[in-house]
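For reference, structure_34.txt is printed below; it contains compact mmCIF, C-alpha atoms.
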# COMPACT_ATOMS: atom_id res chain seq x y z
CA MET F 3 -33.64 -27.35 15.34
CA ARG F 4 -34.58 -24.43 17.51
CA GLU F 5 -36.21 -24.87 20.90
CA PHE F 6 -39.97 -24.93 20.50
CA TYR F 7 -42.93 -23.66 22.50
CA ARG F 8 -45.70 -26.23 22.79
CA GLY F 9 -48.47 -23.68 22.30
CA ALA F 10 -51.32 -25.80 21.01
CA ALA F 11 -50.42 -28.78 23.19
CA CYS F 12 -50.11 -26.58 26.29
CA LEU F 13 -53.49 -25.07 25.52
CA VAL F 14 -55.15 -28.49 25.46
CA VAL F 15 -53.34 -29.83 28.55
CA LEU F 16 -53.91 -26.65 30.52
CA LEU F 17 -57.63 -26.63 29.83
CA GLY F 18 -57.93 -30.32 30.56
CA SER F 19 -56.45 -29.78 34.04
CA LEU F 20 -58.57 -26.77 35.02
CA PRO F 21 -61.22 -27.24 37.71
CA ALA F 22 -64.83 -27.27 36.56
CA TYR F 23 -65.86 -23.64 36.69
CA ALA F 24 -66.96 -21.12 34.12
CA GLY F 25 -64.00 -19.30 32.62
CA PRO F 26 -62.93 -17.71 29.36
CA GLU F 27 -64.01 -19.82 26.42
CA ILE F 28 -61.83 -21.09 23.60
CA HIS F 29 -62.71 -19.16 20.47
CA SER F 30 -62.45 -20.99 17.15
CA TRP F 31 -62.96 -19.78 13.59
CA LEU F 32 -61.64 -20.00 10.04
CA THR F 33 -59.75 -17.19 8.36
CA ASP F 34 -60.93 -15.93 4.98
CA ASN F 35 -58.58 -18.36 3.21
CA GLY F 36 -59.38 -21.40 5.32
CA ALA F 37 -56.85 -21.51 8.18
CA LYS F 38 -58.26 -22.88 11.44
CA VAL F 39 -57.74 -20.63 14.47
CA MET F 40 -58.03 -21.51 18.16
CA PHE F 41 -57.76 -18.59 20.56
CA TYR F 42 -57.78 -18.49 24.36
CA PRO F 43 -57.72 -15.04 25.99
CA ALA F 44 -55.30 -14.89 28.92
CA PRO F 45 -55.01 -11.31 30.20
CA GLU F 46 -52.98 -12.20 33.29
CA LEU F 47 -49.63 -11.36 31.65
CA PRO F 48 -48.90 -8.90 28.83
CA MET F 49 -47.75 -11.67 26.48
CA LEU F 50 -48.97 -13.47 23.38
CA ASP F 51 -48.05 -16.98 22.25
CA ILE F 52 -48.69 -18.02 18.65
CA ARG F 53 -48.08 -21.44 17.18
CA ALA F 54 -48.66 -22.18 13.50
CA THR F 55 -48.94 -25.93 12.98
CA PHE F 56 -49.06 -27.66 9.59
CA ALA F 57 -49.74 -31.28 8.63
CA ALA F 58 -46.22 -31.35 7.21
CA GLY F 59 -44.20 -33.84 9.22
CA SER F 60 -42.11 -36.80 8.13
CA THR F 61 -45.21 -38.78 7.11
CA ARG F 62 -45.13 -36.53 4.01
CA ASP F 63 -41.48 -37.26 3.17
CA ALA F 64 -42.23 -40.17 0.79
CA GLU F 65 -38.87 -41.30 -0.64
CA HIS F 66 -37.11 -38.12 0.55
CA ALA F 67 -36.56 -39.02 4.21
CA GLY F 68 -35.72 -35.84 6.11
CA LEU F 69 -37.37 -33.45 3.65
CA ALA F 70 -39.98 -32.18 6.13
CA ARG F 71 -37.38 -31.34 8.78
CA LEU F 72 -34.95 -29.84 6.28
CA THR F 73 -37.69 -27.58 4.87
CA ASN F 74 -38.84 -26.46 8.31
CA GLY F 75 -35.29 -25.91 9.51
CA LEU F 76 -34.61 -23.51 6.64
CA LEU F 77 -37.46 -21.11 7.42
CA ALA F 78 -35.54 -18.87 9.82
CA GLU F 79 -32.24 -19.20 7.95
CA GLY F 80 -33.32 -16.55 5.48
CA ALA F 81 -36.58 -14.83 4.61
CA ALA F 82 -37.67 -11.72 2.70
CA GLY F 83 -34.02 -10.97 1.95
CA LEU F 84 -33.00 -11.14 5.62
CA ASP F 85 -30.36 -13.64 6.70
CA ALA F 86 -30.53 -15.66 9.91
CA GLN F 87 -28.51 -13.08 11.84
CA ALA F 88 -30.79 -10.21 10.82
CA ILE F 89 -33.89 -12.24 11.71
CA ALA F 90 -32.47 -13.11 15.13
CA GLU F 91 -31.51 -9.48 15.81
CA ARG F 92 -34.97 -8.22 14.90
CA LEU F 93 -36.62 -10.67 17.25
CA GLU F 94 -34.13 -9.92 20.00
CA ARG F 95 -34.77 -6.19 19.75
CA ALA F 96 -38.49 -6.88 20.09
CA GLY F 97 -37.88 -9.10 23.12
CA ALA F 98 -39.53 -12.00 21.28
CA ARG F 99 -38.82 -15.73 21.27
CA PHE F 100 -39.02 -17.75 18.05
CA SER F 101 -39.03 -21.51 17.65
CA ASN F 102 -39.73 -24.14 15.01
CA GLY F 103 -39.57 -27.88 14.53
CA SER F 104 -40.89 -30.96 12.77
CA LEU F 105 -42.10 -34.37 13.96
CA ARG F 106 -43.88 -37.28 12.27
CA GLU F 107 -47.28 -35.73 11.70
CA MET F 108 -46.67 -32.01 12.04
CA ALA F 109 -44.32 -29.10 11.59
CA TRP F 110 -44.66 -25.84 13.48
CA VAL F 111 -43.42 -22.29 13.75
CA ALA F 112 -44.01 -20.43 17.02
CA LEU F 113 -43.63 -16.97 18.51
CA ARG F 114 -43.80 -15.58 22.03
CA THR F 115 -43.96 -11.79 22.25
CA LEU F 116 -44.91 -9.03 24.63
CA THR F 117 -48.22 -7.40 23.73
CA GLU F 118 -46.88 -3.86 24.14
CA PRO F 119 -47.28 -2.48 20.56
CA THR F 120 -43.63 -1.45 20.09
CA SER F 121 -42.65 -5.08 20.78
CA GLN F 122 -45.59 -7.02 19.37
CA GLN F 123 -45.83 -5.49 15.92
CA PRO F 124 -42.14 -5.83 14.94
CA ALA F 125 -42.14 -9.38 16.27
CA LEU F 126 -45.29 -10.27 14.32
CA ASP F 127 -43.95 -8.68 11.14
CA THR F 128 -40.76 -10.74 11.36
CA PHE F 129 -42.69 -13.90 12.22
CA VAL F 130 -44.93 -13.49 9.17
CA GLN F 131 -41.92 -12.92 6.90
CA VAL F 132 -40.20 -16.06 8.18
CA LEU F 133 -43.34 -18.15 7.75
CA THR F 134 -44.50 -16.81 4.38
CA GLN F 135 -41.38 -15.58 2.54
CA PRO F 136 -38.54 -18.08 3.07
CA ASP F 137 -35.60 -17.56 0.72
CA PHE F 138 -34.30 -21.17 0.58
CA ASN F 139 -30.80 -20.08 -0.43
CA ALA F 140 -28.50 -22.84 -1.67
CA ALA F 141 -25.83 -22.01 0.91
CA ASP F 142 -28.37 -22.25 3.73
CA VAL F 143 -29.59 -25.60 2.40
CA GLU F 144 -26.08 -27.05 2.56
CA ARG F 145 -25.49 -25.70 6.06
CA VAL F 146 -28.74 -27.13 7.47
CA ARG F 147 -28.15 -30.40 5.61
CA LYS F 148 -24.75 -30.72 7.34
CA GLN F 149 -26.37 -29.98 10.71
CA MET F 150 -28.91 -32.74 10.12
CA LEU F 151 -26.21 -35.20 9.08
CA SER F 152 -24.26 -34.33 12.23
CA ALA F 153 -27.44 -34.92 14.28
CA LEU F 154 -27.76 -38.35 12.65
CA ASP F 155 -24.20 -39.15 13.77
CA GLN F 156 -25.20 -38.34 17.35
CA LEU F 157 -28.42 -40.33 17.02
CA GLU F 158 -26.47 -43.38 15.88
CA GLN F 159 -24.31 -43.18 19.04
CA SER F 160 -27.34 -43.31 21.34
CA PRO F 161 -28.62 -46.83 22.13
CA ALA F 162 -32.02 -45.40 23.10
CA LYS F 163 -32.37 -43.52 19.81
CA VAL F 164 -31.21 -46.51 17.78
CA ALA F 165 -33.76 -48.68 19.59
CA GLU F 166 -36.52 -46.13 19.00
CA ARG F 167 -35.72 -45.89 15.30
CA THR F 168 -35.61 -49.70 14.96
CA PHE F 169 -38.91 -49.99 16.82
CA TYR F 170 -40.73 -47.65 14.41
CA ARG F 171 -39.22 -49.29 11.33
CA THR F 172 -40.15 -52.75 12.58
CA LEU F 173 -43.62 -51.74 13.71
CA TYR F 174 -44.60 -49.73 10.63
CA ALA F 175 -42.27 -51.07 7.91
CA ASP F 176 -43.01 -49.12 4.69
CA HIS F 177 -45.87 -47.12 6.20
CA PRO F 178 -45.20 -43.35 6.53
CA TYR F 179 -45.05 -43.68 10.34
CA GLY F 180 -41.89 -45.70 9.80
CA ASN F 181 -40.10 -42.60 8.51
CA THR F 182 -37.76 -41.08 11.07
CA PRO F 183 -38.22 -37.28 11.31
CA ALA F 184 -34.44 -36.88 11.49
CA GLY F 185 -34.18 -38.36 8.01
CA ASP F 186 -31.94 -40.85 6.34
CA ARG F 187 -28.31 -40.20 5.43
CA ASP F 188 -28.57 -41.31 1.80
CA ALA F 189 -31.88 -39.51 1.20
CA LEU F 190 -30.67 -36.28 2.84
CA ALA F 191 -27.67 -36.21 0.53
CA THR F 192 -29.88 -36.17 -2.57
CA ILE F 193 -32.62 -33.70 -1.58
CA ASN F 194 -32.43 -30.67 -3.87
CA LEU F 195 -33.71 -27.11 -3.77
CA ALA F 196 -36.64 -27.82 -6.10
CA GLU F 197 -37.89 -30.59 -3.81
CA ILE F 198 -37.64 -28.29 -0.78
CA ARG F 199 -39.55 -25.52 -2.50
CA GLY F 200 -42.15 -28.00 -3.74
CA PHE F 201 -42.70 -29.39 -0.23
CA TYR F 202 -43.11 -25.90 1.20
CA GLN F 203 -45.53 -24.84 -1.55
CA ARG F 204 -47.65 -27.97 -1.08
CA TYR F 205 -47.94 -28.08 2.70
CA TYR F 206 -47.33 -24.57 4.06
CA VAL F 207 -50.72 -23.27 2.94
CA ALA F 208 -53.68 -21.77 4.77
CA ARG F 209 -56.02 -24.76 4.53
CA ASN F 210 -53.31 -26.98 6.00
CA LEU F 211 -52.70 -24.60 8.91
CA THR F 212 -53.97 -24.66 12.50
CA LEU F 213 -53.15 -21.48 14.38
CA ALA F 214 -53.19 -21.56 18.20
CA MET F 215 -53.08 -18.25 20.06
CA VAL F 216 -52.99 -17.67 23.81
CA GLY F 217 -52.48 -14.29 25.45
CA ASP F 218 -53.40 -10.80 26.44
CA VAL F 219 -55.41 -9.77 23.37
CA ASP F 220 -59.14 -9.67 22.77
CA ARG F 221 -61.12 -11.55 20.11
CA GLU F 222 -61.03 -8.66 17.65
CA GLN F 223 -57.27 -8.26 17.97
CA ALA F 224 -56.78 -12.03 17.67
CA GLN F 225 -58.81 -12.10 14.47
CA ARG F 226 -56.70 -9.34 12.93
CA ILE F 227 -53.46 -11.07 13.91
CA ALA F 228 -54.61 -14.46 12.62
CA GLN F 229 -55.77 -12.99 9.32
CA SER F 230 -52.48 -11.11 8.87
CA ILE F 231 -50.60 -14.41 9.27
CA ALA F 232 -52.90 -16.42 6.99
CA ASP F 233 -52.99 -13.71 4.32
CA GLY F 234 -49.33 -14.31 3.56
CA LEU F 235 -50.00 -17.93 2.60
CA PRO F 236 -51.73 -19.30 -0.49
CA THR F 237 -55.07 -20.95 0.16
CA GLY F 238 -53.87 -24.36 -1.04
CA ALA F 239 -55.44 -27.61 0.11
CA LYS F 240 -55.45 -29.60 3.31
CA ALA F 241 -52.99 -32.48 3.35
CA PRO F 242 -54.67 -35.87 2.79
CA ALA F 243 -55.13 -38.12 5.78
CA VAL F 244 -52.28 -40.51 6.50
CA PRO F 245 -53.34 -44.07 5.55
CA ARG F 246 -54.04 -46.50 8.37
CA PRO F 247 -50.96 -48.51 9.39
CA PRO F 248 -50.87 -52.27 8.85
CA VAL F 249 -52.25 -54.53 11.56
CA LEU F 250 -49.68 -56.70 13.29
CA THR F 251 -50.58 -60.38 13.49
CA ASP F 252 -47.53 -61.83 15.26
CA ALA F 253 -45.25 -60.75 18.07
CA LYS F 254 -41.51 -60.63 17.51
CA ILE F 255 -38.34 -59.74 19.37
CA VAL F 256 -35.73 -57.58 17.63
CA ARG F 257 -32.27 -57.25 19.12

Let me see the structure of the file written as structure tokens.
Amino acid sequence: MREFYRGAACLVVLLGSLPAYAGPEIHSWLTDNGAKVMFYPAPELPMLDIRATFAAGSTRDAEHAGLARLTNGLLAEGAAGLDAQAIAERLERAGARFSNGSLREMAWVALRTLTEPTSQQPALDTFVQVLTQPDFNAADVERVRKQMLSALDQLEQSPAKVAERTFYRTLYADHPYGNTPAGDRDALATINLAEIRGFYQRYYVARNLTLAMVGDVDREQAQRIAQSIADGLPTGAKAPAVPRPPVLTDAKIVR
């Protein structure tokens, strides 16, 4: 998975640590097709950070452990007819930084770009294509699947990771929180292209999107940017809430 920028999380932590004085407010609104937007103007540097977060983590995997991460990992491997190399070159020419990833409850796609128009617009155009027009080519699926299987090999050699995985499985059992975002070897081997496309079409929709934006743009510019991102996605429906996990009644030690 690519390195990610913790846009929304940084926004919350940053604001929580600020001293109590009047400053720029957080703007919040819904796009025309239902995406939630949070925007914080930060004119100090000529940069813009965007993070698109979806309720599309491993809690949505069901019996296909690893499906959320596999789907997210394929986004920048090919989109709108561009392969991964072409996407990377476009972003590099614009001086932009792209990242994506998937955890238990969420998946995200993020962009950091300069706000100078000759950099920002090409970067935004490429970002929107990656987010809204993934190709999901069979060859890319197999390559990312092999990368995930290799990551599982490394996970299984780490006592800390093995302990963490065992902890979640013991604590949550068959509850969705028990699913490991990295997936399961047997399940990963059987995930097919139709299941990947179906997952993307269900969860990567406007009403399941929270868009966090921080940077040197004003409210009007932010609204245009947010709408241009959301417009590329179907309206869809918000993902249902994850059911409450079971209540533990007894302590146990697992070695």

As AutoDock Vina command-line options, please report the centre and edge lengths, rounded to one decimal in Å, of the axis-aligned box that holds all listed atoms of segment 130-136 of chain F with 6 Å of padding on each of the six sides.
--center_x -41.7 --center_y -15.5 --center_z 5.9 --size_x 18.4 --size_y 17.2 --size_z 18.6

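Comparing the minimum interatomic distances between Arg71 of chain F and each of F:Ala90, F:Met40, F:Ala112, F:Ala184, counting all atoms listed in the file, we find that F:Ala184 sits nearest.
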
- Have a look at atom CA of Tyr42 of chain F and atom CA of Glu222 of chain F and let me know their distance in Å, one decimal. 12.3 Å

- Task: Kindly indicate which residue among F:Ala232, F:Val219, F:Val256, F:Ile198 lies nearest to Thr168 of chain F, using all atoms listed in the file for the distances.
- Result: F:Val256

- Query: If we count only C-alpha atoms, what is near segment 50-53 of chain F at a cut-off of 9 Å, once residues fewer than 6 positions away on the same chain are taken out, given as a PyMOL selection string?
  - Reply: chain F and resi 7-10+44+110-117+122+212-219

Closest pair table for segment 129-236 of chain F residues within 7 Å of segment 72-83 of chain F, all atoms listed in the file, as CSV:
residue,atom,partner,partner_atom,distance
F:Gln131,CA,F:Ala82,CA,6.1
F:Val132,CA,F:Ala81,CA,5.2
F:Leu133,CA,F:Leu77,CA,6.6
F:Gln135,CA,F:Ala81,CA,5.3
F:Pro136,CA,F:Ala81,CA,4.1
F:Asp137,CA,F:Ala81,CA,4.9
F:Phe138,CA,F:Leu76,CA,6.5
F:Asp142,CA,F:Glu79,CA,6.5
F:Val143,CA,F:Leu76,CA,6.9
F:Val146,CA,F:Leu72,CA,6.9
F:Arg147,CA,F:Leu72,CA,6.9
F:Ile198,CA,F:Thr73,CA,5.7
F:Tyr202,CA,F:Thr73,CA,6.8

- Task: Could you tell me how far atom CA of Gln149 of chain F lies from atom CA of Tyr174 of chain F, in Å and to one decimal?
- Result: 26.9 Å

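The two atoms in question, atom CA of Thr33 of chain F and atom CA of Phe56 of chain F, are spaced 15.0 Å apart.
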
Please supply segment 173-186 of chain F, rebuilt with N, CA, C and O atoms, as a PDB file, in the coordinates of the input.
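Below is the file result11.pdb, written as the result:
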ATOM      1  N   LEU F 173     -42.184 -51.805  13.471  1.00  0.00           N
ATOM      2  CA  LEU F 173     -43.620 -51.740  13.710  1.00  0.00           C
ATOM      3  C   LEU F 173     -44.390 -51.316  12.465  1.00  0.00           C
ATOM      4  O   LEU F 173     -45.432 -51.882  12.144  1.00  0.00           O
ATOM      5  N   TYR F 174     -43.849 -50.318  11.737  1.00  0.00           N
ATOM      6  CA  TYR F 174     -44.600 -49.730  10.630  1.00  0.00           C
ATOM      7  C   TYR F 174     -44.053 -50.070   9.246  1.00  0.00           C
ATOM      8  O   TYR F 174     -44.707 -49.780   8.241  1.00  0.00           O
ATOM      9  N   ALA F 175     -42.865 -50.646   9.185  1.00  0.00           N
ATOM     10  CA  ALA F 175     -42.270 -51.070   7.910  1.00  0.00           C
ATOM     11  C   ALA F 175     -42.298 -49.935   6.880  1.00  0.00           C
ATOM     12  O   ALA F 175     -41.721 -48.884   7.123  1.00  0.00           O
ATOM     13  N   ASP F 176     -42.996 -50.126   5.754  1.00  0.00           N
ATOM     14  CA  ASP F 176     -43.010 -49.120   4.690  1.00  0.00           C
ATOM     15  C   ASP F 176     -44.097 -48.064   4.865  1.00  0.00           C
ATOM     16  O   ASP F 176     -44.248 -47.190   4.014  1.00  0.00           O
ATOM     17  N   HIS F 177     -44.861 -48.145   5.933  1.00  0.00           N
ATOM     18  CA  HIS F 177     -45.870 -47.120   6.200  1.00  0.00           C
ATOM     19  C   HIS F 177     -45.187 -45.789   6.539  1.00  0.00           C
ATOM     20  O   HIS F 177     -44.068 -45.784   7.081  1.00  0.00           O
ATOM     21  N   PRO F 178     -45.828 -44.647   6.238  1.00  0.00           N
ATOM     22  CA  PRO F 178     -45.200 -43.350   6.530  1.00  0.00           C
ATOM     23  C   PRO F 178     -44.784 -43.154   7.982  1.00  0.00           C
ATOM     24  O   PRO F 178     -43.842 -42.405   8.256  1.00  0.00           O
ATOM     25  N   TYR F 179     -45.462 -43.806   8.939  1.00  0.00           N
ATOM     26  CA  TYR F 179     -45.050 -43.680  10.340  1.00  0.00           C
ATOM     27  C   TYR F 179     -43.664 -44.283  10.573  1.00  0.00           C
ATOM     28  O   TYR F 179     -43.026 -43.996  11.593  1.00  0.00           O
ATOM     29  N   GLY F 180     -43.221 -45.119   9.661  1.00  0.00           N
ATOM     30  CA  GLY F 180     -41.890 -45.700   9.800  1.00  0.00           C
ATOM     31  C   GLY F 180     -40.773 -44.725   9.472  1.00  0.00           C
ATOM     32  O   GLY F 180     -39.610 -44.971   9.798  1.00  0.00           O
ATOM     33  N   ASN F 181     -41.113 -43.607   8.826  1.00  0.00           N
ATOM     34  CA  ASN F 181     -40.100 -42.600   8.510  1.00  0.00           C
ATOM     35  C   ASN F 181     -39.625 -41.913   9.784  1.00  0.00           C
ATOM     36  O   ASN F 181     -40.427 -41.489  10.610  1.00  0.00           O
ATOM     37  N   THR F 182     -38.321 -41.792   9.935  1.00  0.00           N
ATOM     38  CA  THR F 182     -37.760 -41.080  11.070  1.00  0.00           C
ATOM     39  C   THR F 182     -37.710 -39.594  10.751  1.00  0.00           C
ATOM     40  O   THR F 182     -37.173 -39.204   9.713  1.00  0.00           O
ATOM     41  N   PRO F 183     -38.259 -38.721  11.608  1.00  0.00           N
ATOM     42  CA  PRO F 183     -38.220 -37.280  11.310  1.00  0.00           C
ATOM     43  C   PRO F 183     -36.817 -36.755  11.043  1.00  0.00           C
ATOM     44  O   PRO F 183     -36.646 -35.826  10.239  1.00  0.00           O
ATOM     45  N   ALA F 184     -35.818 -37.346  11.693  1.00  0.00           N
ATOM     46  CA  ALA F 184     -34.440 -36.880  11.490  1.00  0.00           C
ATOM     47  C   ALA F 184     -33.912 -37.177  10.105  1.00  0.00           C
ATOM     48  O   ALA F 184     -32.899 -36.615   9.683  1.00  0.00           O
ATOM     49  N   GLY F 185     -34.586 -38.069   9.378  1.00  0.00           N
ATOM     50  CA  GLY F 185     -34.180 -38.360   8.010  1.00  0.00           C
ATOM     51  C   GLY F 185     -33.257 -39.546   7.885  1.00  0.00           C
ATOM     52  O   GLY F 185     -32.937 -40.228   8.860  1.00  0.00           O
ATOM     53  N   ASP F 186     -32.832 -39.751   6.684  1.00  0.00           N
ATOM     54  CA  ASP F 186     -31.940 -40.850   6.340  1.00  0.00           C
ATOM     55  C   ASP F 186     -30.715 -40.262   5.633  1.00  0.00           C
ATOM     56  O   ASP F 186     -30.838 -39.358   4.812  1.00  0.00           O
TER      57      ASP F 186
END
